[in-house]
Amino acid sequence: MRSSFRSPFVLTLLLALAFCAAGMAGPAERPGWKLTFDDEFDGKKLDLKKWNPNDPSGWERNSELQAYVTDAFEVNGGVLRIKAEKRDAFYSGKQRSITSGMMTTLGKFSQEYGRFEIRCRIPKGKGMWPAFWLLPVSRSWPPEIDVLEILGHEPNIVHMTQHYRDATAKHQSHGGWWSGPDFSADFHEFAVEWSPQRIVWFVDGVERFRSEADVPKERMYMLVNLAVGGSWPGAPDAQTKFPAAMEVDYVRVYQKTP
């Protein structure tokens with residue numbers, strides 16, 4: 001007759017296997033939400049079925065210094081790097097001495113309402129201006145939802161903003177900021193949950209800001225970019241290191257399930 005006794009080692013092994021099996025659902029799964037878009041950057045180059053590697057407008061914003069170029073992207077080890085470099089390129093009507101990258105899902109993915117999230121590490125240094133944001137597919141402006149903006153000389157402060165038009169059609173913005181850890185030191189998750197009633201911003205799973213002011217009610221697409229210079233962060237200084245990079249671990253979008 002076989003004994004039913006199991007050694008502590010066997011019991012520990014069985015418990016470990018049970019925990020592993022429970023975790024096999026995948027890190028992208030979120031209770032109450034359906035995954036509608038994800039890029040884990042597990043390939044060897046930017047997935048052009050998901051992203052456009054260029055600026056859809058093609059013109060300078062906010063007095064920024066960079067030229068957006070299509071070869072500013074590297075994918076390696078499950079991480080996308082958007083590189084800012086000191087090299088010459090023509091953009092928005094003039095020659096520039098700094099290049100960087102912008103990628104968008106315009107014409108490839110858009111969604112009205114849901115959870116939009118990115119896990120990334122930002123570059124430190126004056127003039128660096130990484131962002132993850134949403135714009136309407138109608139190409140009108142506003143609305144705009146800025147999931148994250150960080151200035152490289154203040155790498156511990158994340159800015160979260162909504163742009164809209166009020167009842168008189170005047171541009172307004174409603175935003176907040178949160179001071180946390182040095183976001184250039186490690187990867188962090190930034191997200192919004194956008195519903196018909198409100199927009200809620202999260203950093204590493206914790207709510208940090210919300211807005212109920214004239215919430216957008218149309219499909220929007222995603223933009224991820226690393227701007228350099230401009231009216232807000234100012235130009236790079238002697239301590240700003242090039243090349244610099246915004247590193248992205250993943251981008252995911254969810255729709256709320258009924």
# chains A, B, ... in the order shown; residues from 1 in each chain; ligands from 1
call {"tool": "residues_around", "arguments": {"residues": "Arg165 in chain A", "least_positions_apart": "2", "cutoff": "10 Å", "atoms": "only C-alpha atoms", "output": "VMD selection string"}}
result
chain A and resid 141 to 143 163 167 to 173 213 to 214 216
call {"tool": "residues_around", "arguments": {"residues": "Ile157 in chain A", "least_positions_apart": "3", "cutoff": "9 Å", "atoms": "only C-alpha atoms", "output": "list in words"}}
result
Glu149, Ile150, Leu151, Glu154, Trp177, Trp178, Ser179, Gly180, Pro181, Asp182 and Phe183 of chain A
call {"tool": "residues_around", "arguments": {"residues": "Gly77 in chain A", "least_positions_apart": "4", "cutoff": "10 Å", "atoms": "only C-alpha atoms", "output": "PyMOL selection string"}}
result
chain A and resi 41-44+249
call {"tool": "write_last_selection", "arguments": {"atoms": "C-alpha atoms", "output": "PDB file, in the first residue's frame"}}
result
ATOM      1  CA  PHE A  41       7.996  45.179 -28.385  1.00  0.00           C
ATOM      2  CA  ASP A  42       9.188  41.574 -28.489  1.00  0.00           C
ATOM      3  CA  GLY A  43      10.298  41.724 -32.131  1.00  0.00           C
ATOM      4  CA  LYS A  44      13.444  43.121 -33.713  1.00  0.00           C
ATOM      5  CA  ASP A 249       8.393  48.329 -22.278  1.00  0.00           C
TER       6      ASP A 249
END
call {"tool": "atom_distance", "arguments": {"atom1": "CA of Lys256 in chain A", "atom2": "CA of Glu112 in chain A"}}
result
10.9 Å
call {"tool": "residues_around", "arguments": {"residues": "range 92-107 of chain A", "least_positions_apart": "4", "cutoff": "7 Å", "atoms": "only C-alpha atoms", "output": "PDB file with C-alpha atoms, in the first residue's frame"}}
result
ATOM      1  CA  LYS A  50       0.585  48.866 -35.408  1.00  0.00           C
ATOM      2  CA  TRP A  51       2.567  52.108 -35.646  1.00  0.00           C
ATOM      3  CA  ASN A  52       3.388  54.911 -38.070  1.00  0.00           C
ATOM      4  CA  PRO A  53       7.006  55.982 -37.415  1.00  0.00           C
ATOM      5  CA  ASN A  54       6.479  59.641 -38.224  1.00  0.00           C
ATOM      6  CA  ASP A  55       4.773  62.869 -37.238  1.00  0.00           C
ATOM      7  CA  GLY A  58       4.874  67.345 -40.315  1.00  0.00           C
ATOM      8  CA  TRP A  59       5.124  70.791 -38.771  1.00  0.00           C
ATOM      9  CA  GLU A  60       6.911  72.258 -35.777  1.00  0.00           C
ATOM     10  CA  LEU A  65      14.159  71.841 -31.917  1.00  0.00           C
ATOM     11  CA  GLN A  66      14.060  68.254 -33.172  1.00  0.00           C
ATOM     12  CA  ALA A  67      13.444  66.843 -36.617  1.00  0.00           C
ATOM     13  CA  TYR A  68      11.225  63.779 -36.400  1.00  0.00           C
ATOM     14  CA  VAL A  69      12.810  61.006 -38.469  1.00  0.00           C
ATOM     15  CA  THR A  70      11.668  57.463 -39.245  1.00  0.00           C
ATOM     16  CA  ALA A  72      14.831  57.001 -34.538  1.00  0.00           C
ATOM     17  CA  PHE A  73      13.521  53.639 -33.253  1.00  0.00           C
ATOM     18  CA  ILE A  82      13.060  56.324 -29.198  1.00  0.00           C
ATOM     19  CA  LYS A  83      16.426  58.012 -29.735  1.00  0.00           C
ATOM     20  CA  ALA A  84      17.273  61.695 -29.704  1.00  0.00           C
ATOM     21  CA  GLU A  85      20.612  62.344 -31.409  1.00  0.00           C
ATOM     22  CA  LYS A  86      22.758  65.215 -32.551  1.00  0.00           C
ATOM     23  CA  ARG A  87      22.628  64.898 -36.326  1.00  0.00           C
ATOM     24  CA  ASP A  88      21.332  66.970 -39.215  1.00  0.00           C
ATOM     25  CA  VAL A 137      -9.124  60.730 -35.552  1.00  0.00           C
ATOM     26  CA  TYR A 221      -5.483  57.536 -31.557  1.00  0.00           C
ATOM     27  CA  MET A 222      -2.207  57.265 -29.640  1.00  0.00           C
ATOM     28  CA  LEU A 223       1.040  59.172 -29.990  1.00  0.00           C
ATOM     29  CA  VAL A 224       4.369  58.418 -28.290  1.00  0.00           C
ATOM     30  CA  ASN A 225       7.240  60.808 -28.856  1.00  0.00           C
ATOM     31  CA  LEU A 226      10.408  62.327 -27.493  1.00  0.00           C
ATOM     32  CA  ALA A 227      10.503  66.053 -28.222  1.00  0.00           C
TER      33      ALA A 227
END
call {"tool": "select_by_dssp", "arguments": {"residues": "range 2-186 of chain A", "states": "alpha helix (DSSP H)", "output": "list in words"}}
result
Pro8, Phe9, Val10, Leu11, Thr12, Leu13, Leu14, Leu15, Ala16, Leu17, Ala18, Phe19, Cys20, Ala21 and Ala22 of chain A
